[in-house]
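Scroll down for the structure; my scribbles are underneath it.
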Amino acid sequence: MGDAPALTGPDFTQGIDLSDIPEGGMLLGNANGEAVLLVHHGGDVFAVAATCTHYGGPLADGILNAGVVRCPWHHACFDARTGEAVRPPALNPLRRWTAERRGSRVFVGQPLAAPSPPRKRSSAVESVVIVGAGAAGNAAAETLRREGYAGFVTMIGAEPTVPVDRPNLSKDYLAGTAQEEWVWLRGQEFYSAQEIELVLGARVVALDPKARRVQLSDGTSRSYGALVLATGAEPVKLTVPGSDKPLVHYLRSLADSRAIIASTQGAARAVVVGASFIGLEVAASLRTRGLEVHVVAPDARPLERIMGAELGDFVRALHEEHGVHFHLRHTVGTIEDGAVLLDDGTRLPADLVVAGVGVRPAVALAEQAGLRVDRGVVVDEHLESSAPGVYAAGDIARWPDPSSGKSIRIEHWVVAERQGQTAARNILGAREAFRAVPFFWSQHYDVPISYVGHAEGWDGVEVAGSIAERSCLVAFRTGGRIAAVASIGRDRESLRAEALLERGDQAGLEALLANVGK
Ligand SMILES: Cc1cc2nc3c(=O)[nH]c(=O)nc-3n(C[C@H](O)[C@H](O)[C@H](O)COP(=O)(O)OP(=O)(O)OC[C@H]3O[C@@H](n4cnc5c(N)ncnc54)[C@H](O)[C@@H]3O)c2cc1C
Ligand code: FES
């Protein structure tokens, strides 16, 4: 999380010349001891908080796009006029102040009230049941209420806690630099106030789409008018001899992260199996806790399949600088109490083992219900499955991607949240196609990597800027077209690339790359 920024720039209570903020521009300053961003859009000026409500990202370092402020860190979007968080991962609006024009000057004054609660709207759908209390499920529940839905909303989650900030479980929380309060997305009181029924620690064990009913592991059942399936994904388990020993861990839930933390007590050495994002983030966090860490993976380079050779080499070097030992082009043969044996006979002493070897979408419920499943729950552009009234969102959903023309399934936090929002709006009749450009981030020590777009395979990788200097854009081309852009230390350009991908503006993307490369 970011600290409160030191106050810089002009004191807006003293007034500022409008000519200092060009139309379409933003200016950082302060008012009454708070960092404030003045936004000039459509001939109006708005004063909003300068700090993102997600992790405190500095909004002045982001971009303004059609009256929407985009955060440089994880691409949340805020409406400058209302302060509302219109795109995750931020959930809460920005504070606002009056921005009064007196002649050619603008003065920031009193705080403005938060956006008023939406007017209740009637809906043909009497009740919505959400299966899975994760990123997509939570976003769906919140969006239903934000849109004024007045019917029953029930969210059923197998984990015993309120929804958590899952990405944090391998990063600050696991490293010991974030307290547990930071991982809750919302407190229990939020759901009570929003009249969202939470059924936690219970699994949906059967779904009958014809009867519009689900059965829970606690023996109860619920009927629904519409259903959101948001059951996420489950870690792939190791199958080598010894995989069932208690020193072997996986990481998906808060309970998993707590268990890994508990196992580090008195531990000196850890083996991470898999050079995946999660595996490497775990490696970084365990190094922060002072453990010796060995990473074992069959790949030639970490993350090469997703990020290409150049970024893969960078990530490997970064982890080696922090003392991580790699055993690449190797697999685990056997796990013993206190050691991992590799395929070539190497013996790595280990007090704990964390496997990050991928996930599988949790589609068992959908399969049992007879929904169309193909490496994920198949949905249409509105995220509706083959069963009318049953929507799927997040890691389990396979949807038609308008950009590539392929059906894709993606495991990113922000995508899951945005799909939860779209599913909710479509339940209320919006008929909104899911067209978002995917975005994810990953954090390794003090180096965040951002990625916009989607390229499952590519025929060209182009680096603009310098990876070694941690200031670059890396473009992934398919058929000559830029399909995705990864970046380090170039947050504003990453936001621009996202906006250009949204518009399908290839010429703009080429110009952006050329500019960074200069
Ligand atoms: C440790 C970790 C770090 C990550 N870091 C990043 C990151 O930095 N950036 C990024 O973009 N993405 C990251 N991800 C991926 C991201 O968290 C997922 O893409 C996202 O959580 C998917 O949301 P979801 O709602 O589909 O699933 P989830 O958030 O997994 O939620 C699904 C929920 O459904 C519950 N459930 C499953 N079956 C049932 C059932 N039958 N009945 C009731 N409940 C059920 C599960 O217990 C779970 O709580 C990370 C994932 C992990 C595990
Ligand atoms: S800090 Fe702004 S989106 Fe995360």
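If you're wondering about the labels, chains in the structure tokens are A, B, ... by order shown, residues count from 1 in each chain, ligands from 1 in order shown.
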Stretch 232-260 of chain A near stretch 329-338 of chain A within 7 Å: what's each residue's closest atom pair and its distance in Å to one decimal, counting only C-alpha atoms, ordered by chain then ascending residue number, as JSON lines?
{"residue": "A:Val240", "atom": "CA", "partner": "A:Thr334", "partner_atom": "CA", "distance": 5.8}
{"residue": "A:Pro241", "atom": "CA", "partner": "A:Thr334", "partner_atom": "CA", "distance": 5.1}
{"residue": "A:Gly242", "atom": "CA", "partner": "A:Ile335", "partner_atom": "CA", "distance": 4.5}
{"residue": "A:Ser243", "atom": "CA", "partner": "A:Ile335", "partner_atom": "CA", "distance": 6.2}
Once you have the residues from the selection above, write them out as a PDB file, in the first residue's frame, restricted to N, CA, C and O atoms.
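Below you can see again21.pdb, which holds the result:
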ATOM      1  N   VAL A 240       4.033 -36.353  -7.660  1.00  0.00           N
ATOM      2  CA  VAL A 240       5.247 -37.146  -7.430  1.00  0.00           C
ATOM      3  C   VAL A 240       5.185 -37.794  -6.050  1.00  0.00           C
ATOM      4  O   VAL A 240       4.452 -37.312  -5.168  1.00  0.00           O
ATOM      5  N   PRO A 241       5.947 -38.881  -5.847  1.00  0.00           N
ATOM      6  CA  PRO A 241       5.959 -39.498  -4.517  1.00  0.00           C
ATOM      7  C   PRO A 241       6.323 -38.473  -3.436  1.00  0.00           C
ATOM      8  O   PRO A 241       7.240 -37.678  -3.625  1.00  0.00           O
ATOM      9  N   GLY A 242       5.564 -38.493  -2.351  1.00  0.00           N
ATOM     10  CA  GLY A 242       5.822 -37.574  -1.240  1.00  0.00           C
ATOM     11  C   GLY A 242       5.025 -36.278  -1.317  1.00  0.00           C
ATOM     12  O   GLY A 242       5.087 -35.448  -0.408  1.00  0.00           O
ATOM     13  N   SER A 243       4.233 -36.112  -2.409  1.00  0.00           N
ATOM     14  CA  SER A 243       3.483 -34.848  -2.563  1.00  0.00           C
ATOM     15  C   SER A 243       2.454 -34.649  -1.465  1.00  0.00           C
ATOM     16  O   SER A 243       1.989 -33.530  -1.267  1.00  0.00           O
TER      17      SER A 243
END
Task: Exercise: A:Ile449 partners within 12 Å, only C-alpha atoms, chain neighbours under 4 positions left out, as a PyMOL selection string - done: chain A and resi 72-74+277+281+303+307+311-312+314-315+439-445+467+470-474+485-491+494
Now that the selection is made, can you save its residues with N, CA and C atoms as a compact mmCIF listing (two decimals), in the first residue's frame?
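Output below, filename result-v4.txt:
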# COMPACT_ATOMS: atom_id res chain seq x y z
N PRO A 72 -2.08 4.83 -12.18
CA PRO A 72 -0.89 4.25 -12.82
C PRO A 72 -0.52 2.86 -12.30
N TRP A 73 -0.95 2.52 -11.08
CA TRP A 73 -0.43 1.27 -10.51
C TRP A 73 -1.18 0.03 -11.02
N HIS A 74 -2.51 0.00 -10.86
CA HIS A 74 -3.24 -1.21 -11.28
C HIS A 74 -4.46 -0.86 -12.12
N PHE A 277 4.08 -17.00 -12.00
CA PHE A 277 3.96 -15.73 -11.26
C PHE A 277 3.82 -15.99 -9.78
N GLU A 281 6.45 -14.99 -6.92
CA GLU A 281 6.07 -14.03 -5.87
C GLU A 281 6.26 -14.66 -4.49
N LEU A 303 8.70 -17.61 -16.64
CA LEU A 303 7.66 -16.77 -17.28
C LEU A 303 7.80 -16.61 -18.79
N MET A 307 5.72 -14.02 -20.99
CA MET A 307 6.38 -12.72 -21.09
C MET A 307 7.53 -12.68 -22.09
N LEU A 311 12.11 -10.68 -20.95
CA LEU A 311 11.60 -10.40 -19.60
C LEU A 311 11.86 -11.59 -18.68
N GLY A 312 11.81 -12.81 -19.24
CA GLY A 312 12.10 -14.01 -18.44
C GLY A 312 13.51 -13.94 -17.87
N PHE A 314 15.27 -11.25 -17.39
CA PHE A 314 15.32 -10.16 -16.41
C PHE A 314 14.79 -10.63 -15.05
N VAL A 315 13.65 -11.32 -15.10
CA VAL A 315 13.03 -11.76 -13.83
C VAL A 315 13.95 -12.76 -13.12
N PHE A 439 -5.95 -6.84 -18.19
CA PHE A 439 -4.80 -6.21 -17.52
C PHE A 439 -4.41 -7.06 -16.31
N PHE A 440 -3.12 -7.26 -16.10
CA PHE A 440 -2.69 -7.81 -14.82
C PHE A 440 -1.37 -7.19 -14.40
N TRP A 441 -1.07 -7.35 -13.13
CA TRP A 441 0.22 -6.91 -12.62
C TRP A 441 0.82 -8.02 -11.78
N SER A 442 2.12 -7.95 -11.64
CA SER A 442 2.81 -8.90 -10.77
C SER A 442 3.92 -8.12 -10.10
N GLN A 443 4.25 -8.50 -8.87
CA GLN A 443 5.23 -7.71 -8.11
C GLN A 443 6.37 -8.63 -7.67
N HIS A 444 7.60 -8.24 -7.98
CA HIS A 444 8.76 -9.02 -7.56
C HIS A 444 9.69 -8.06 -6.84
N TYR A 445 9.79 -8.18 -5.51
CA TYR A 445 10.55 -7.24 -4.68
C TYR A 445 9.98 -5.83 -4.95
N ILE A 467 15.11 -2.96 -20.62
CA ILE A 467 14.65 -3.85 -19.55
C ILE A 467 15.61 -3.76 -18.37
N ARG A 470 15.09 -1.08 -16.14
CA ARG A 470 13.73 -1.14 -15.56
C ARG A 470 12.86 0.00 -16.08
N SER A 471 12.98 0.27 -17.35
CA SER A 471 12.19 1.32 -17.98
C SER A 471 11.91 0.88 -19.42
N CYS A 472 10.83 0.14 -19.60
CA CYS A 472 10.61 -0.42 -20.94
C CYS A 472 9.14 -0.74 -21.19
N LEU A 473 8.83 -0.83 -22.49
CA LEU A 473 7.59 -1.46 -22.95
C LEU A 473 8.03 -2.66 -23.76
N VAL A 474 7.34 -3.77 -23.62
CA VAL A 474 7.64 -4.96 -24.42
C VAL A 474 6.36 -5.33 -25.16
N VAL A 485 1.02 -5.61 -24.38
CA VAL A 485 2.20 -4.81 -24.03
C VAL A 485 2.51 -5.00 -22.55
N ALA A 486 3.72 -5.49 -22.27
CA ALA A 486 4.17 -5.57 -20.88
C ALA A 486 5.04 -4.34 -20.61
N SER A 487 5.13 -3.96 -19.34
CA SER A 487 5.95 -2.78 -19.06
C SER A 487 6.56 -2.85 -17.68
N ILE A 488 7.69 -2.18 -17.55
CA ILE A 488 8.33 -1.97 -16.24
C ILE A 488 8.69 -0.50 -16.16
N GLY A 489 8.32 0.15 -15.06
CA GLY A 489 8.71 1.55 -14.85
C GLY A 489 8.13 2.52 -15.86
N ARG A 490 7.10 2.12 -16.56
CA ARG A 490 6.49 2.98 -17.58
C ARG A 490 4.98 2.94 -17.40
N ASP A 491 4.55 3.34 -16.21
CA ASP A 491 3.13 3.20 -15.87
C ASP A 491 2.23 4.01 -16.79
N SER A 494 1.90 2.41 -20.05
CA SER A 494 1.08 1.20 -19.96
C SER A 494 -0.40 1.58 -20.01
Open item on the list: Give me, as a list in words, all polymer residues having an atom no more than 8 Å from A:Gly376, counting only C-alpha atoms and skipping those fewer than 3 positions away in the same chain.
Closed with: Pro361, Ala362, Val363, Val373, Ile396, Ala397, Arg398 and Arg409 of chain A
Task: Residues within 9 Å of A:Glu195, only C-alpha atoms, excluding chain neighbours under 5 positions, as a ChimeraX atom specification - done: /A:145,152-154,190
Store the residues picked out above, limited to all heavy atoms, as an mmCIF file, in the first residue's frame.
data_model
loop_
_atom_site.group_PDB
_atom_site.id
_atom_site.type_symbol
_atom_site.label_atom_id
_atom_site.label_comp_id
_atom_site.auth_asym_id
_atom_site.auth_seq_id
_atom_site.Cartn_x
_atom_site.Cartn_y
_atom_site.Cartn_z
ATOM 1 N N ARG A 145 -26.120 -4.000 -6.258
ATOM 2 C CA ARG A 145 -26.625 -2.956 -5.349
ATOM 3 C C ARG A 145 -26.316 -1.564 -5.891
ATOM 4 O O ARG A 145 -27.140 -0.664 -5.802
ATOM 5 C CB ARG A 145 -26.002 -3.130 -3.955
ATOM 6 C CG ARG A 145 -26.530 -4.343 -3.208
ATOM 7 C CD ARG A 145 -28.039 -4.270 -3.016
ATOM 8 N NE ARG A 145 -28.521 -5.378 -2.202
ATOM 9 C CZ ARG A 145 -29.583 -6.115 -2.507
ATOM 10 N NH1 ARG A 145 -30.284 -5.892 -3.607
ATOM 11 N NH2 ARG A 145 -29.964 -7.085 -1.701
ATOM 12 N N PHE A 152 -33.349 -9.942 -3.698
ATOM 13 C CA PHE A 152 -32.452 -10.665 -2.780
ATOM 14 C C PHE A 152 -31.120 -10.954 -3.466
ATOM 15 O O PHE A 152 -31.089 -11.377 -4.624
ATOM 16 C CB PHE A 152 -33.074 -12.000 -2.370
ATOM 17 C CG PHE A 152 -34.326 -11.840 -1.557
ATOM 18 C CD1 PHE A 152 -35.580 -11.974 -2.156
ATOM 19 C CD2 PHE A 152 -34.263 -11.536 -0.205
ATOM 20 C CE1 PHE A 152 -36.736 -11.805 -1.420
ATOM 21 C CE2 PHE A 152 -35.422 -11.359 0.543
ATOM 22 C CZ PHE A 152 -36.663 -11.493 -0.067
ATOM 23 N N VAL A 153 -30.053 -10.733 -2.723
ATOM 24 C CA VAL A 153 -28.718 -11.110 -3.235
ATOM 25 C C VAL A 153 -28.069 -12.013 -2.200
ATOM 26 O O VAL A 153 -27.937 -11.633 -1.028
ATOM 27 C CB VAL A 153 -27.817 -9.868 -3.466
ATOM 28 C CG1 VAL A 153 -26.427 -10.298 -3.932
ATOM 29 C CG2 VAL A 153 -28.438 -8.914 -4.477
ATOM 30 N N THR A 154 -27.680 -13.191 -2.620
ATOM 31 C CA THR A 154 -27.006 -14.139 -1.725
ATOM 32 C C THR A 154 -25.673 -14.518 -2.354
ATOM 33 O O THR A 154 -25.621 -14.865 -3.533
ATOM 34 C CB THR A 154 -27.842 -15.427 -1.557
ATOM 35 O OG1 THR A 154 -29.117 -15.069 -1.041
ATOM 36 C CG2 THR A 154 -27.183 -16.402 -0.600
ATOM 37 N N PHE A 190 -20.264 -4.137 5.827
ATOM 38 C CA PHE A 190 -20.588 -3.631 4.493
ATOM 39 C C PHE A 190 -21.696 -4.492 3.871
ATOM 40 O O PHE A 190 -22.673 -3.976 3.325
ATOM 41 C CB PHE A 190 -19.333 -3.653 3.604
ATOM 42 C CG PHE A 190 -19.621 -3.371 2.153
ATOM 43 C CD1 PHE A 190 -19.711 -2.059 1.697
ATOM 44 C CD2 PHE A 190 -19.841 -4.400 1.248
ATOM 45 C CE1 PHE A 190 -20.001 -1.788 0.365
ATOM 46 C CE2 PHE A 190 -20.135 -4.140 -0.082
ATOM 47 C CZ PHE A 190 -20.212 -2.837 -0.523
#
Can you build me a table of chain A residues sitting at most 10 Å from ligand 2, with the closest atom pair per residue and its distance in Å to one decimal, using only C-alpha atoms and all ligand atoms, sorted by chain and residue number, as a Markdown table?
| residue | atom | partner | partner_atom_place_in_ligand_line | distance |
| --- | --- | --- | --- | --- |
| A:Met1 | CA | ligand 2 | 1 (S) | 7.4 |
| A:Gly2 | CA | ligand 2 | 1 (S) | 7.5 |
| A:Thr51 | CA | ligand 2 | 2 (Fe) | 7.7 |
| A:Cys52 | CA | ligand 2 | 2 (Fe) | 4.6 |
| A:Thr53 | CA | ligand 2 | 2 (Fe) | 6.5 |
| A:His54 | CA | ligand 2 | 1 (S) | 4.6 |
| A:Tyr55 | CA | ligand 2 | 1 (S) | 3.8 |
| A:Gly56 | CA | ligand 2 | 1 (S) | 4.7 |
| A:Gly57 | CA | ligand 2 | 1 (S) | 3.8 |
| A:Pro58 | CA | ligand 2 | 2 (Fe) | 7.4 |
| A:Leu59 | CA | ligand 2 | 2 (Fe) | 7.4 |
| A:Gly62 | CA | ligand 2 | 2 (Fe) | 9.2 |
| A:Arg70 | CA | ligand 2 | 2 (Fe) | 7.9 |
| A:Cys71 | CA | ligand 2 | 2 (Fe) | 4.7 |
| A:Pro72 | CA | ligand 2 | 2 (Fe) | 6.4 |
| A:Trp73 | CA | ligand 2 | 4 (Fe) | 5.0 |
| A:His74 | CA | ligand 2 | 3 (S) | 3.7 |
| A:His75 | CA | ligand 2 | 3 (S) | 4.9 |
| A:Ala76 | CA | ligand 2 | 3 (S) | 4.2 |
| A:Cys77 | CA | ligand 2 | 3 (S) | 7.6 |
| A:Phe78 | CA | ligand 2 | 2 (Fe) | 9.8 |
| A:Ala85 | CA | ligand 2 | 3 (S) | 9.9 |
| A:Arg87 | CA | ligand 2 | 3 (S) | 9.0 |
| A:Pro88 | CA | ligand 2 | 3 (S) | 7.1 |
| A:Pro89 | CA | ligand 2 | 3 (S) | 5.5 |
| A:Ala90 | CA | ligand 2 | 3 (S) | 5.7 |
| A:Leu91 | CA | ligand 2 | 3 (S) | 9.5 |
| A:Val414 | CA | ligand 2 | 3 (S) | 9.5 |
| A:Trp441 | CA | ligand 2 | 4 (Fe) | 9.6 |
Print the selection's residues with N, CA and C atoms to a file, as a short mmCIF file (atom, residue, chain, number, x, y, z; two decimals), in the first residue's frame.
data_model
loop_
_atom_site.label_atom_id
_atom_site.label_comp_id
_atom_site.auth_asym_id
_atom_site.auth_seq_id
_atom_site.Cartn_x
_atom_site.Cartn_y
_atom_site.Cartn_z
N MET A 1 0.83 -1.19 0.00
CA MET A 1 0.00 0.00 0.00
C MET A 1 0.88 1.25 0.00
N GLY A 2 0.41 2.32 -0.67
CA GLY A 2 1.19 3.54 -0.70
C GLY A 2 0.99 4.36 0.55
N THR A 51 -5.11 10.48 -4.39
CA THR A 51 -4.59 9.16 -4.04
C THR A 51 -5.63 8.09 -4.32
N CYS A 52 -5.24 7.05 -5.03
CA CYS A 52 -6.16 5.98 -5.42
C CYS A 52 -6.69 5.24 -4.18
N THR A 53 -7.97 4.89 -4.23
CA THR A 53 -8.56 4.20 -3.07
C THR A 53 -8.24 2.71 -3.05
N HIS A 54 -7.50 2.22 -4.04
CA HIS A 54 -7.09 0.80 -4.01
C HIS A 54 -5.89 0.67 -3.08
N TYR A 55 -4.66 0.91 -3.59
CA TYR A 55 -3.48 0.81 -2.73
C TYR A 55 -2.79 2.16 -2.55
N GLY A 56 -3.50 3.23 -2.88
CA GLY A 56 -2.88 4.55 -2.67
C GLY A 56 -1.99 5.02 -3.81
N GLY A 57 -2.23 4.55 -5.01
CA GLY A 57 -1.43 4.98 -6.17
C GLY A 57 -1.56 6.48 -6.41
N PRO A 58 -0.49 7.12 -6.91
CA PRO A 58 -0.49 8.57 -7.14
C PRO A 58 -1.20 8.90 -8.46
N LEU A 59 -2.43 9.39 -8.36
CA LEU A 59 -3.24 9.56 -9.57
C LEU A 59 -2.68 10.60 -10.53
N GLY A 62 -1.03 9.17 -13.37
CA GLY A 62 -1.83 8.38 -14.30
C GLY A 62 -2.20 9.20 -15.52
N ARG A 70 -7.25 7.52 -14.69
CA ARG A 70 -6.79 6.13 -14.61
C ARG A 70 -5.55 6.05 -13.72
N CYS A 71 -5.58 5.13 -12.77
CA CYS A 71 -4.48 5.01 -11.80
C CYS A 71 -3.28 4.30 -12.42
N PRO A 72 -2.08 4.83 -12.18
CA PRO A 72 -0.89 4.25 -12.82
C PRO A 72 -0.52 2.86 -12.30
N TRP A 73 -0.95 2.52 -11.08
CA TRP A 73 -0.43 1.27 -10.51
C TRP A 73 -1.18 0.03 -11.02
N HIS A 74 -2.51 0.00 -10.86
CA HIS A 74 -3.24 -1.21 -11.28
C HIS A 74 -4.46 -0.86 -12.12
N HIS A 75 -4.40 0.34 -12.73
CA HIS A 75 -5.35 0.74 -13.79
C HIS A 75 -6.81 0.90 -13.35
N ALA A 76 -7.05 1.15 -12.07
CA ALA A 76 -8.41 1.51 -11.64
C ALA A 76 -8.80 2.81 -12.33
N CYS A 77 -10.11 3.01 -12.52
CA CYS A 77 -10.58 4.23 -13.17
C CYS A 77 -11.60 4.95 -12.29
N PHE A 78 -11.51 6.27 -12.28
CA PHE A 78 -12.43 7.10 -11.49
C PHE A 78 -13.03 8.17 -12.38
N ALA A 85 -15.60 5.11 -8.46
CA ALA A 85 -14.68 4.10 -9.01
C ALA A 85 -15.45 3.36 -10.09
N ARG A 87 -14.03 1.55 -12.53
CA ARG A 87 -13.37 0.32 -12.97
C ARG A 87 -12.47 -0.21 -11.85
N PRO A 88 -12.54 -1.50 -11.55
CA PRO A 88 -11.70 -2.07 -10.50
C PRO A 88 -10.21 -1.99 -10.89
N PRO A 89 -9.32 -2.25 -9.96
CA PRO A 89 -9.53 -2.86 -8.65
C PRO A 89 -9.99 -1.91 -7.54
N ALA A 90 -10.10 -0.61 -7.78
CA ALA A 90 -10.61 0.25 -6.71
C ALA A 90 -12.09 -0.05 -6.50
N LEU A 91 -12.50 -0.06 -5.24
CA LEU A 91 -13.91 -0.31 -4.94
C LEU A 91 -14.60 0.95 -4.44
N VAL A 414 -8.31 -8.23 -12.06
CA VAL A 414 -9.14 -7.13 -12.57
C VAL A 414 -10.15 -7.65 -13.60
N TRP A 441 -1.07 -7.35 -13.13
CA TRP A 441 0.22 -6.91 -12.62
C TRP A 441 0.82 -8.02 -11.78
#
TODO: Using DSSP on the backbone, list every residue of stretch 86-154 of chain A that comes out as strand (DSSP E or B), and give them as a ChimeraX atom specification.
DONE: /A:86-87,96-102,105-112,121,127-131,149,152-154
File of the preceding selection, N, CA, C and O atoms, as a short mmCIF file (atom, residue, chain, number, x, y, z; two decimals), in the first residue's frame:
data_model
loop_
_atom_site.label_atom_id
_atom_site.label_comp_id
_atom_site.auth_asym_id
_atom_site.auth_seq_id
_atom_site.Cartn_x
_atom_site.Cartn_y
_atom_site.Cartn_z
N VAL A 86 -15.13 3.65 -11.34
CA VAL A 86 -15.91 3.05 -12.43
C VAL A 86 -15.25 1.79 -12.96
O VAL A 86 -15.84 1.07 -13.75
N ARG A 87 -14.03 1.55 -12.53
CA ARG A 87 -13.37 0.32 -12.97
C ARG A 87 -12.47 -0.21 -11.85
O ARG A 87 -11.73 0.57 -11.24
N ARG A 96 -14.23 14.32 -2.97
CA ARG A 96 -14.32 15.47 -3.90
C ARG A 96 -14.48 16.76 -3.12
O ARG A 96 -14.96 16.76 -1.99
N TRP A 97 -14.10 17.86 -3.77
CA TRP A 97 -14.28 19.19 -3.19
C TRP A 97 -14.90 20.10 -4.24
O TRP A 97 -14.82 19.81 -5.45
N THR A 98 -15.45 21.21 -3.79
CA THR A 98 -15.95 22.19 -4.76
C THR A 98 -14.74 22.81 -5.48
O THR A 98 -13.68 23.00 -4.89
N ALA A 99 -14.92 23.12 -6.75
CA ALA A 99 -13.89 23.83 -7.53
C ALA A 99 -14.62 25.01 -8.17
O ALA A 99 -15.31 24.86 -9.17
N GLU A 100 -14.46 26.17 -7.53
CA GLU A 100 -15.28 27.32 -7.94
C GLU A 100 -14.48 28.24 -8.87
O GLU A 100 -13.32 28.57 -8.59
N ARG A 101 -15.12 28.66 -9.96
CA ARG A 101 -14.46 29.56 -10.91
C ARG A 101 -14.77 31.00 -10.52
O ARG A 101 -15.93 31.38 -10.38
N ARG A 102 -13.74 31.80 -10.33
CA ARG A 102 -13.93 33.24 -10.13
C ARG A 102 -13.05 33.93 -11.16
O ARG A 102 -11.82 33.96 -11.01
N ARG A 105 -9.72 32.42 -12.44
CA ARG A 105 -9.11 31.56 -11.42
C ARG A 105 -10.08 30.51 -10.89
O ARG A 105 -11.30 30.67 -10.97
N VAL A 106 -9.49 29.43 -10.35
CA VAL A 106 -10.29 28.34 -9.76
C VAL A 106 -9.85 28.19 -8.31
O VAL A 106 -8.65 28.13 -8.02
N PHE A 107 -10.83 28.08 -7.41
CA PHE A 107 -10.54 27.92 -5.98
C PHE A 107 -11.17 26.62 -5.49
O PHE A 107 -12.34 26.34 -5.75
N VAL A 108 -10.38 25.83 -4.77
CA VAL A 108 -10.92 24.60 -4.17
C VAL A 108 -11.48 24.96 -2.80
O VAL A 108 -10.82 25.65 -2.02
N GLY A 109 -12.70 24.48 -2.54
CA GLY A 109 -13.37 24.86 -1.30
C GLY A 109 -13.77 23.68 -0.45
O GLY A 109 -12.94 22.85 -0.06
N GLN A 110 -15.06 23.58 -0.20
CA GLN A 110 -15.59 22.61 0.76
C GLN A 110 -15.63 21.19 0.21
O GLN A 110 -15.78 21.01 -1.00
N PRO A 111 -15.55 20.20 1.11
CA PRO A 111 -15.73 18.82 0.65
C PRO A 111 -17.14 18.61 0.12
O PRO A 111 -18.10 19.21 0.63
N LEU A 112 -17.27 17.81 -0.89
CA LEU A 112 -18.58 17.47 -1.45
C LEU A 112 -19.03 16.13 -0.89
O LEU A 112 -18.20 15.27 -0.56
N ARG A 121 -34.40 0.08 -8.16
CA ARG A 121 -35.12 -0.21 -9.39
C ARG A 121 -35.75 -1.59 -9.32
O ARG A 121 -35.20 -2.50 -8.72
N SER A 127 -34.43 -12.71 -7.38
CA SER A 127 -33.29 -13.01 -6.51
C SER A 127 -32.10 -13.43 -7.35
O SER A 127 -32.24 -14.02 -8.42
N VAL A 128 -30.92 -13.07 -6.84
CA VAL A 128 -29.67 -13.47 -7.51
C VAL A 128 -28.83 -14.25 -6.51
O VAL A 128 -28.62 -13.79 -5.38
N VAL A 129 -28.37 -15.42 -6.93
CA VAL A 129 -27.45 -16.19 -6.11
C VAL A 129 -26.09 -16.17 -6.80
O VAL A 129 -26.00 -16.36 -8.02
N ILE A 130 -25.07 -15.89 -6.00
CA ILE A 130 -23.70 -15.83 -6.53
C ILE A 130 -22.93 -16.97 -5.88
O ILE A 130 -22.86 -17.06 -4.65
N VAL A 131 -22.36 -17.83 -6.71
CA VAL A 131 -21.61 -18.98 -6.17
C VAL A 131 -20.13 -18.65 -6.28
O VAL A 131 -19.59 -18.56 -7.39
N TYR A 149 -30.40 -2.52 -7.67
CA TYR A 149 -31.19 -3.75 -7.61
C TYR A 149 -31.75 -3.93 -6.20
O TYR A 149 -31.01 -3.87 -5.21
N PHE A 152 -33.35 -9.94 -3.70
CA PHE A 152 -32.45 -10.67 -2.78
C PHE A 152 -31.12 -10.95 -3.47
O PHE A 152 -31.09 -11.38 -4.62
N VAL A 153 -30.05 -10.73 -2.72
CA VAL A 153 -28.72 -11.11 -3.24
C VAL A 153 -28.07 -12.01 -2.20
O VAL A 153 -27.94 -11.63 -1.03
N THR A 154 -27.68 -13.19 -2.62
CA THR A 154 -27.01 -14.14 -1.72
C THR A 154 -25.67 -14.52 -2.35
O THR A 154 -25.62 -14.87 -3.53
#
Open item on the list: Using only C-alpha atoms, can you tell me which of A:Gln419, A:Asn138, A:Gln265, A:Ser223 comes closest to A:Met155?
Closed with: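 Ranking A:Gln419, A:Asn138, A:Gln265, A:Ser223 by distance to A:Met155, first place goes to A:Asn138.
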Task: A:Leu185 surroundings by only C-alpha atoms, 7 Å radius, close-in-sequence under 4 positions cut, as a ChimeraX atom specification - done: /A:163-165
Would you save the residues of that selection, restricted to C-alpha atoms, as a PDB file, in the first residue's frame?
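Produced file again.pdb, reproduced below:
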ATOM      1  CA  PRO A 163     -13.793 -12.062   0.266  1.00  0.00           C
ATOM      2  CA  VAL A 164     -10.071 -11.344   0.370  1.00  0.00           C
ATOM      3  CA  ASP A 165      -7.616  -9.414  -1.761  1.00  0.00           C
TER       4      ASP A 165
END
Task: Distance of atom 49 (O, counted along the ligand's line) of ligand 1 from atom CA of A:Ala393, expressed in Å to one decimal place - done: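 Computing it gives 13.0 Å between the two atoms.
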- [ ] From a DSSP pass on the backbone, collect the residues of stretch 207-437 of chain A flagged as helix (DSSP H, G or I) and hand them back as a PyMOL selection string.
- [x] chain A and resi 254-264+277-288+304-321+364-368+394-396+413-427
Open item on the list: Could you list, as a PyMOL selection string, every residue within 12 Å of A:Leu383, counting only C-alpha atoms and ignoring same-chain residues fewer than 6 positions away?
Closed with: chain A and resi 136+227-230+377+389-394+396-401+407+409+416+418-427+430-435
TODO: Excluding A:Gly24 and residues on its chain fewer than 5 positions from it, collect all residues at most 7 Å away from it, counting only C-alpha atoms, and give them as a count of residues only.
DONE: 3
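We find atom CA of A:Leu291 and atom CA of A:Tyr173 to be spaced 15.8 Å apart.
Of the residues under consideration (A:Phe476, A:Tyr250, A:Trp182, A:Phe326), A:Tyr250 shows the shortest atom-to-atom contact distance to ligand 1 when counting only C-alpha atoms and all ligand atoms.
Going from atom CA of A:Glu84 over to atom CA of A:Leu428, you cover 20.2 Å.
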